[in-house]
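Asker: Okay, handing you the structure first.
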Amino acid sequence: LKEKVGNERVICGISGGVDSSVTAVLLHKAIGEKLSCIFVDNGLLRRGESQEVMELFRDSYRMKVHLVDSSEHFLGRLKGVTDPEQKRKIIGREFITVFEAKARELGRARYLAQGTLYPDVIESVSFKGPSATIKSHHNVGGLPEVMDLSLIEPLRELFKDEARLVGLELGLPKELVMRQPFPGPGLAVRILGEVTPDRLETLRSADLILLDEIRRADLYEKVWQSFAVLLPVKTVGVMGDERTYEHVIALRIVDSQDAMTADWTRVPHEILARISNRIINNVRGVNRVVLDISSKPPSTIEWE
């Protein structure tokens, strides 16, 4: 990295996830003050995530982190969009546009660093052999062909478990290194159909409950991923003596080694019951919770 960067400046995108965090700390150790980190709040993050990320990197690592709140911009671009590939392409394109603008504001930089992993690459583009494009990842296939910045992707040929090992070698806290994967396009690909502020709030509330119960059951580090999905359908229910017609939340909890294949986790029924009851009783506008029992392949881990 030192040789490649030389005396140039690097902008690094961080999300608070394992991949971008490892990339940022790796670069910080290699090039120090020549690294400027940008954290884009695209309005598609989980509750409290923006504040957590800023506190971690500014306070724990004393790194230069610049917060760009582009929530309204991203949600405006996604208005009316329901196709998952379109969502990913739009988020990828706007993500880079925001970076270019911030990079210019911070002064001349030549490189943009990203925490792209090998599974992201082979699901997006053919790399070292033939593979069909399954879906565009916002930091690979979703990038515009013409950019003002060249890419640096030090983890591009690593799997998630290997990236975690690099993180531990770098001295990152275990709770960060073992954080479950979160998609680059954020909650936009966990909301089937149009992304709106109200639908985001519904999903955030349900997801918070799911993760709380998974942690309480000591399953968070044992499963690969656990998250909620907001479906584009409503179902009839009953609350007291009243008929309801409200949203459906799907629970996606999977085991995997590298995200290339995955199997649904056999979570004890009493834990699932607690998750379902809490979501239905506490999340406004939801009257049904279902469990995704699909494996990868043929299903992908994320729904979009």
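Letters for chains follow the order of the structure tokens (A, B, ...), residue numbers begin at 1 for each chain, and ligand numbers begin at 1 in the order shown.
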Quick one: DSSP alpha helix (DSSP H) residues in segment 170-260 of chain A, as a short mmCIF file (atom, residue, chain, number, x, y, z; two decimals) with N, CA and C atoms, in the first residue's frame?
Answerer:
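In the end it all went to out_35.cif:
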```
data_model
loop_
_atom_site.label_atom_id
_atom_site.label_comp_id
_atom_site.auth_asym_id
_atom_site.auth_seq_id
_atom_site.Cartn_x
_atom_site.Cartn_y
_atom_site.Cartn_z
N LYS A 174 -12.72 -6.93 19.24
CA LYS A 174 -13.43 -8.13 18.78
C LYS A 174 -14.87 -7.85 18.39
N GLU A 175 -15.55 -6.96 19.15
CA GLU A 175 -16.96 -6.69 18.85
C GLU A 175 -17.13 -6.05 17.48
N LEU A 176 -16.12 -5.31 17.02
CA LEU A 176 -16.17 -4.74 15.68
C LEU A 176 -15.84 -5.79 14.64
N VAL A 177 -14.78 -6.55 14.90
CA VAL A 177 -14.33 -7.57 13.94
C VAL A 177 -15.41 -8.64 13.71
N PRO A 197 -39.21 7.19 4.09
CA PRO A 197 -38.85 7.40 5.50
C PRO A 197 -39.69 6.55 6.47
N ASP A 198 -40.99 6.43 6.20
CA ASP A 198 -41.85 5.64 7.08
C ASP A 198 -41.48 4.16 7.06
N ARG A 199 -41.21 3.63 5.87
CA ARG A 199 -40.86 2.21 5.74
C ARG A 199 -39.49 1.95 6.37
N LEU A 200 -38.58 2.90 6.26
CA LEU A 200 -37.28 2.77 6.91
C LEU A 200 -37.43 2.70 8.43
N GLU A 201 -38.29 3.54 8.96
CA GLU A 201 -38.50 3.58 10.42
C GLU A 201 -39.10 2.26 10.91
N THR A 202 -40.03 1.72 10.14
CA THR A 202 -40.64 0.43 10.49
C THR A 202 -39.59 -0.67 10.53
N LEU A 203 -38.75 -0.72 9.49
CA LEU A 203 -37.72 -1.75 9.43
C LEU A 203 -36.68 -1.59 10.53
N ARG A 204 -36.26 -0.35 10.78
CA ARG A 204 -35.27 -0.10 11.85
C ARG A 204 -35.78 -0.62 13.20
N SER A 205 -37.02 -0.36 13.47
CA SER A 205 -37.60 -0.77 14.76
C SER A 205 -37.64 -2.29 14.88
N ALA A 206 -38.03 -2.98 13.80
CA ALA A 206 -38.10 -4.44 13.82
C ALA A 206 -36.71 -5.05 13.91
N ASP A 207 -35.77 -4.47 13.17
CA ASP A 207 -34.40 -4.99 13.15
C ASP A 207 -33.74 -4.86 14.52
N LEU A 208 -34.01 -3.76 15.20
CA LEU A 208 -33.45 -3.52 16.54
C LEU A 208 -33.90 -4.61 17.52
N ILE A 209 -35.17 -4.97 17.44
CA ILE A 209 -35.71 -6.02 18.31
C ILE A 209 -35.08 -7.37 17.99
N LEU A 210 -35.00 -7.69 16.71
CA LEU A 210 -34.39 -8.96 16.29
C LEU A 210 -32.97 -9.09 16.82
N LEU A 211 -32.14 -8.07 16.60
CA LEU A 211 -30.74 -8.12 17.03
C LEU A 211 -30.62 -8.17 18.55
N ASP A 212 -31.52 -7.48 19.25
CA ASP A 212 -31.50 -7.51 20.71
C ASP A 212 -31.74 -8.93 21.22
N GLU A 213 -32.71 -9.61 20.66
CA GLU A 213 -33.03 -10.97 21.10
C GLU A 213 -31.93 -11.96 20.70
N ILE A 214 -31.33 -11.75 19.54
CA ILE A 214 -30.23 -12.63 19.10
C ILE A 214 -29.04 -12.48 20.04
N ARG A 215 -28.75 -11.25 20.45
CA ARG A 215 -27.65 -11.02 21.41
C ARG A 215 -27.97 -11.61 22.78
N ARG A 216 -29.19 -11.42 23.24
CA ARG A 216 -29.59 -11.97 24.53
C ARG A 216 -29.46 -13.49 24.57
#
```
Asker: For segment 37-43 of chain A, find every residue with an atom within 8 Å (counting only C-alpha atoms), except residues of its own chain fewer than 3 positions away, and show them as a PyMOL selection string.
Answerer: chain A and resi 11-15+24+50+54+63-75+95+98-99+102
Asker: Ranking A:Leu1, A:Val166, A:Val189, A:Ala228 by minimum distance to Pro84 of chain A and counting only C-alpha atoms, which one comes first?
Answerer: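 Among the listed residues, A:Val189 lies closest to Pro84 of chain A.
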Asker: For Asp161 of chain A, work out the shell of residues within 12 Å, counting only C-alpha atoms and skipping chain neighbours fewer than 2 positions away, then give it as number ranges by chain.
Answerer: A: 18-19, 117-119, 155, 157-159, 163-168, 177-181, 224, 256-260
Asker: Would you mind telling me which residue in A:Ile253, A:Ala262, A:Ala101, A:Ala113 lies nearest to Arg9 of chain A when using only C-alpha atoms?
Answerer: A:Ala113
Asker: Which distance in Å separates atom CA of Val121 of chain A and atom CA of Leu192 of chain A, to one decimal?
Answerer: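 Going from atom CA of Val121 of chain A over to atom CA of Leu192 of chain A covers 23.3 Å.
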Asker: Which residue, A:Gly237, A:Ile280, A:Ala30, A:Leu112, has the smallest gap to Lys2 of chain A when you use only C-alpha atoms?
Answerer: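 Ranked by minimum distance to Lys2 of chain A, first place goes to A:Ala30.
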Asker: Which polymer residues have any atom within 10 Å of an atom of segment 182-186 of chain A, counting only C-alpha atoms, with same-chain residues fewer than 2 positions away left out, as number ranges by chain?
Answerer: A: 15-19, 42-46, 87-92, 95, 115-116, 120, 137-139, 179-180, 188-191, 225-227, 302
Asker: Quick one: DSSP strand (DSSP E or B) residues in segment 165-297 of chain A, as a JSON list (two decimals) with N, CA, C and O atoms, in the first residue's frame?
Answerer:
```
[["chain", "number", "residue", "atom", "x", "y", "z"],
["A", 191, "ILE", "N", -35.75, -3.46, 2.17],
["A", 191, "ILE", "CA", -37.10, -2.96, 2.00],
["A", 191, "ILE", "C", -37.49, -3.31, 0.57],
["A", 191, "ILE", "O", -36.96, -2.73, -0.38],
["A", 225, "GLN", "N", -25.47, -14.07, 9.81],
["A", 225, "GLN", "CA", -26.25, -12.84, 9.70],
["A", 225, "GLN", "C", -27.64, -13.05, 10.30],
["A", 225, "GLN", "O", -28.20, -14.15, 10.21],
["A", 226, "SER", "N", -28.16, -11.99, 10.87],
["A", 226, "SER", "CA", -29.54, -12.01, 11.37],
["A", 226, "SER", "C", -30.12, -10.63, 11.15],
["A", 226, "SER", "O", -29.60, -9.65, 11.68],
["A", 227, "PHE", "N", -31.18, -10.56, 10.36],
["A", 227, "PHE", "CA", -31.76, -9.25, 10.06],
["A", 227, "PHE", "C", -33.23, -9.38, 9.66],
["A", 227, "PHE", "O", -33.73, -10.47, 9.36],
["A", 228, "ALA", "N", -33.90, -8.24, 9.69],
["A", 228, "ALA", "CA", -35.31, -8.18, 9.31],
["A", 228, "ALA", "C", -35.45, -7.63, 7.89],
["A", 228, "ALA", "O", -34.62, -6.85, 7.43],
["A", 229, "VAL", "N", -36.51, -8.06, 7.22],
["A", 229, "VAL", "CA", -36.83, -7.59, 5.87],
["A", 229, "VAL", "C", -38.28, -7.12, 5.87],
["A", 229, "VAL", "O", -39.15, -7.80, 6.41],
["A", 230, "LEU", "N", -38.52, -5.95, 5.28],
["A", 230, "LEU", "CA", -39.89, -5.43, 5.18],
["A", 230, "LEU", "C", -40.46, -5.81, 3.82],
["A", 230, "LEU", "O", -39.91, -5.42, 2.78],
["A", 231, "LEU", "N", -41.53, -6.57, 3.82],
["A", 231, "LEU", "CA", -42.11, -7.07, 2.57],
["A", 231, "LEU", "C", -43.11, -6.08, 1.98],
["A", 231, "LEU", "O", -43.73, -5.30, 2.72],
["A", 232, "PRO", "N", -43.30, -6.13, 0.65],
["A", 232, "PRO", "CA", -44.19, -5.16, -0.02],
["A", 232, "PRO", "C", -45.64, -5.64, -0.06],
["A", 232, "PRO", "O", -46.35, -5.44, -1.03],
["A", 233, "VAL", "N", -46.06, -6.31, 1.02],
["A", 233, "VAL", "CA", -47.44, -6.80, 1.09],
["A", 233, "VAL", "C", -48.03, -6.44, 2.45],
["A", 233, "VAL", "O", -47.30, -6.22, 3.41],
["A", 234, "LYS", "N", -49.35, -6.42, 2.50],
["A", 234, "LYS", "CA", -50.05, -6.24, 3.78],
["A", 234, "LYS", "C", -50.94, -7.46, 4.00],
["A", 234, "LYS", "O", -51.38, -8.10, 3.04],
["A", 235, "THR", "N", -51.18, -7.77, 5.27],
["A", 235, "THR", "CA", -52.06, -8.90, 5.57],
["A", 235, "THR", "C", -53.09, -8.49, 6.62],
["A", 235, "THR", "O", -52.88, -7.55, 7.38],
["A", 236, "VAL", "N", -54.18, -9.26, 6.65],
["A", 236, "VAL", "CA", -55.25, -9.01, 7.61],
["A", 236, "VAL", "C", -54.86, -9.59, 8.97],
["A", 236, "VAL", "O", -54.29, -10.68, 9.05],
["A", 237, "GLY", "N", -55.12, -8.84, 10.02],
["A", 237, "GLY", "CA", -54.87, -9.31, 11.37],
["A", 237, "GLY", "C", -55.97, -8.83, 12.28],
["A", 237, "GLY", "O", -56.95, -8.20, 11.83],
["A", 238, "VAL", "N", -55.84, -9.12, 13.56],
["A", 238, "VAL", "CA", -56.81, -8.65, 14.53],
["A", 238, "VAL", "C", -56.10, -8.18, 15.78],
["A", 238, "VAL", "O", -55.20, -8.85, 16.29],
["A", 239, "MET", "N", -56.41, -6.98, 16.21],
["A", 239, "MET", "CA", -55.85, -6.41, 17.44],
["A", 239, "MET", "C", -57.02, -6.04, 18.35],
["A", 239, "MET", "O", -57.80, -5.14, 18.01],
["A", 242, "GLU", "N", -60.53, -5.27, 16.84],
["A", 242, "GLU", "CA", -60.43, -4.53, 15.58],
["A", 242, "GLU", "C", -59.69, -5.32, 14.51],
["A", 242, "GLU", "O", -58.70, -6.00, 14.78],
["A", 243, "ARG", "N", -60.16, -5.18, 13.28],
["A", 243, "ARG", "CA", -59.47, -5.76, 12.13],
["A", 243, "ARG", "C", -58.31, -4.86, 11.75],
["A", 243, "ARG", "O", -58.43, -3.63, 11.77],
["A", 244, "THR", "N", -57.15, -5.44, 11.44],
["A", 244, "THR", "CA", -56.01, -4.64, 10.97],
["A", 244, "THR", "C", -55.60, -5.12, 9.58],
["A", 244, "THR", "O", -55.89, -6.25, 9.18],
["A", 245, "TYR", "N", -54.97, -4.25, 8.84],
["A", 245, "TYR", "CA", -54.45, -4.59, 7.51],
["A", 245, "TYR", "C", -53.09, -3.92, 7.42],
["A", 245, "TYR", "O", -52.97, -2.73, 7.11],
["A", 246, "GLU", "N", -52.03, -4.68, 7.79],
["A", 246, "GLU", "CA", -50.73, -4.06, 8.02],
["A", 246, "GLU", "C", -49.58, -4.85, 7.40],
["A", 246, "GLU", "O", -49.77, -5.89, 6.76],
["A", 247, "HIS", "N", -48.36, -4.35, 7.64],
["A", 247, "HIS", "CA", -47.17, -4.89, 7.00],
["A", 247, "HIS", "C", -46.69, -6.23, 7.56],
["A", 247, "HIS", "O", -47.06, -6.62, 8.67],
["A", 248, "VAL", "N", -45.83, -6.88, 6.76],
["A", 248, "VAL", "CA", -45.24, -8.17, 7.14],
["A", 248, "VAL", "C", -43.72, -8.01, 7.24],
["A", 248, "VAL", "O", -43.08, -7.41, 6.36],
["A", 249, "ILE", "N", -43.15, -8.53, 8.32],
["A", 249, "ILE", "CA", -41.70, -8.56, 8.50],
["A", 249, "ILE", "C", -41.22, -10.01, 8.34],
["A", 249, "ILE", "O", -41.80, -10.93, 8.91],
["A", 250, "ALA", "N", -40.18, -10.20, 7.54],
["A", 250, "ALA", "CA", -39.54, -11.52, 7.41],
["A", 250, "ALA", "C", -38.24, -11.51, 8.20],
["A", 250, "ALA", "O", -37.51, -10.52, 8.19],
["A", 251, "LEU", "N", -37.96, -12.60, 8.89],
["A", 251, "LEU", "CA", -36.70, -12.76, 9.61],
["A", 251, "LEU", "C", -35.76, -13.61, 8.78],
["A", 251, "LEU", "O", -36.12, -14.69, 8.31],
["A", 252, "ARG", "N", -34.54, -13.11, 8.59],
["A", 252, "ARG", "CA", -33.52, -13.85, 7.84],
["A", 252, "ARG", "C", -32.34, -14.10, 8.78],
["A", 252, "ARG", "O", -31.64, -13.15, 9.18],
["A", 253, "ILE", "N", -32.14, -15.36, 9.17],
["A", 253, "ILE", "CA", -31.05, -15.73, 10.09],
["A", 253, "ILE", "C", -30.34, -16.92, 9.46],
["A", 253, "ILE", "O", -30.96, -17.96, 9.23],
["A", 254, "VAL", "N", -29.05, -16.75, 9.14],
["A", 254, "VAL", "CA", -28.34, -17.79, 8.39],
["A", 254, "VAL", "C", -26.98, -18.12, 8.99],
["A", 254, "VAL", "O", -26.34, -17.30, 9.65],
["A", 255, "ASP", "N", -26.53, -19.36, 8.71],
["A", 255, "ASP", "CA", -25.18, -19.81, 9.02],
["A", 255, "ASP", "C", -24.39, -19.86, 7.72],
["A", 255, "ASP", "O", -24.93, -20.27, 6.68],
["A", 262, "ALA", "N", -24.94, -20.68, 2.14],
["A", 262, "ALA", "CA", -25.51, -20.41, 3.47],
["A", 262, "ALA", "C", -26.70, -21.32, 3.71],
["A", 262, "ALA", "O", -27.36, -21.76, 2.77],
["A", 263, "ASP", "N", -26.96, -21.58, 4.98],
["A", 263, "ASP", "CA", -28.13, -22.37, 5.35],
["A", 263, "ASP", "C", -28.87, -21.62, 6.45],
["A", 263, "ASP", "O", -28.25, -20.95, 7.28],
["A", 264, "TRP", "N", -30.19, -21.74, 6.46],
["A", 264, "TRP", "CA", -30.96, -21.03, 7.48],
["A", 264, "TRP", "C", -30.69, -21.65, 8.85],
["A", 264, "TRP", "O", -30.58, -22.85, 9.00],
["A", 286, "VAL", "N", -47.13, -3.25, 11.88],
["A", 286, "VAL", "CA", -46.76, -4.63, 11.54],
["A", 286, "VAL", "C", -47.68, -5.58, 12.30],
["A", 286, "VAL", "O", -47.86, -5.46, 13.51],
["A", 287, "ASN", "N", -48.29, -6.52, 11.57],
["A", 287, "ASN", "CA", -49.18, -7.48, 12.25],
["A", 287, "ASN", "C", -48.83, -8.94, 11.94],
["A", 287, "ASN", "O", -49.57, -9.85, 12.30],
["A", 288, "ARG", "N", -47.69, -9.15, 11.25],
["A", 288, "ARG", "CA", -47.31, -10.52, 10.94],
["A", 288, "ARG", "C", -45.79, -10.62, 10.80],
["A", 288, "ARG", "O", -45.15, -9.73, 10.23],
["A", 289, "VAL", "N", -45.22, -11.72, 11.33],
["A", 289, "VAL", "CA", -43.78, -12.00, 11.20],
["A", 289, "VAL", "C", -43.62, -13.40, 10.62],
["A", 289, "VAL", "O", -44.26, -14.35, 11.11],
["A", 290, "VAL", "N", -42.79, -13.52, 9.58],
["A", 290, "VAL", "CA", -42.55, -14.83, 8.96],
["A", 290, "VAL", "C", -41.04, -15.13, 8.99],
["A", 290, "VAL", "O", -40.22, -14.22, 9.12],
["A", 291, "LEU", "N", -40.70, -16.41, 8.88],
["A", 291, "LEU", "CA", -39.30, -16.84, 8.92],
["A", 291, "LEU", "C", -38.87, -17.36, 7.55],
["A", 291, "LEU", "O", -39.56, -18.20, 6.96],
["A", 296, "LYS", "N", -28.77, -20.85, 0.52],
["A", 296, "LYS", "CA", -28.04, -20.29, -0.63],
["A", 296, "LYS", "C", -27.01, -21.30, -1.10],
["A", 296, "LYS", "O", -26.14, -21.67, -0.30]]
```
Asker: Nearest residue to Thr82 of chain A out of A:Gly193, A:Ser294, A:Pro268, A:Asn282, using only C-alpha atoms?
Answerer: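 Between A:Gly193, A:Ser294, A:Pro268, A:Asn282, the residue approaching Thr82 of chain A most closely is A:Gly193.
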Asker: With only C-alpha atoms as the basis for distance, which of A:Val10, A:Ile96, A:Leu27, A:Val283 is at the shortest distance from Pro154 of chain A?
Answerer: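 Closest residue, counting only C-alpha atoms: A:Leu27.
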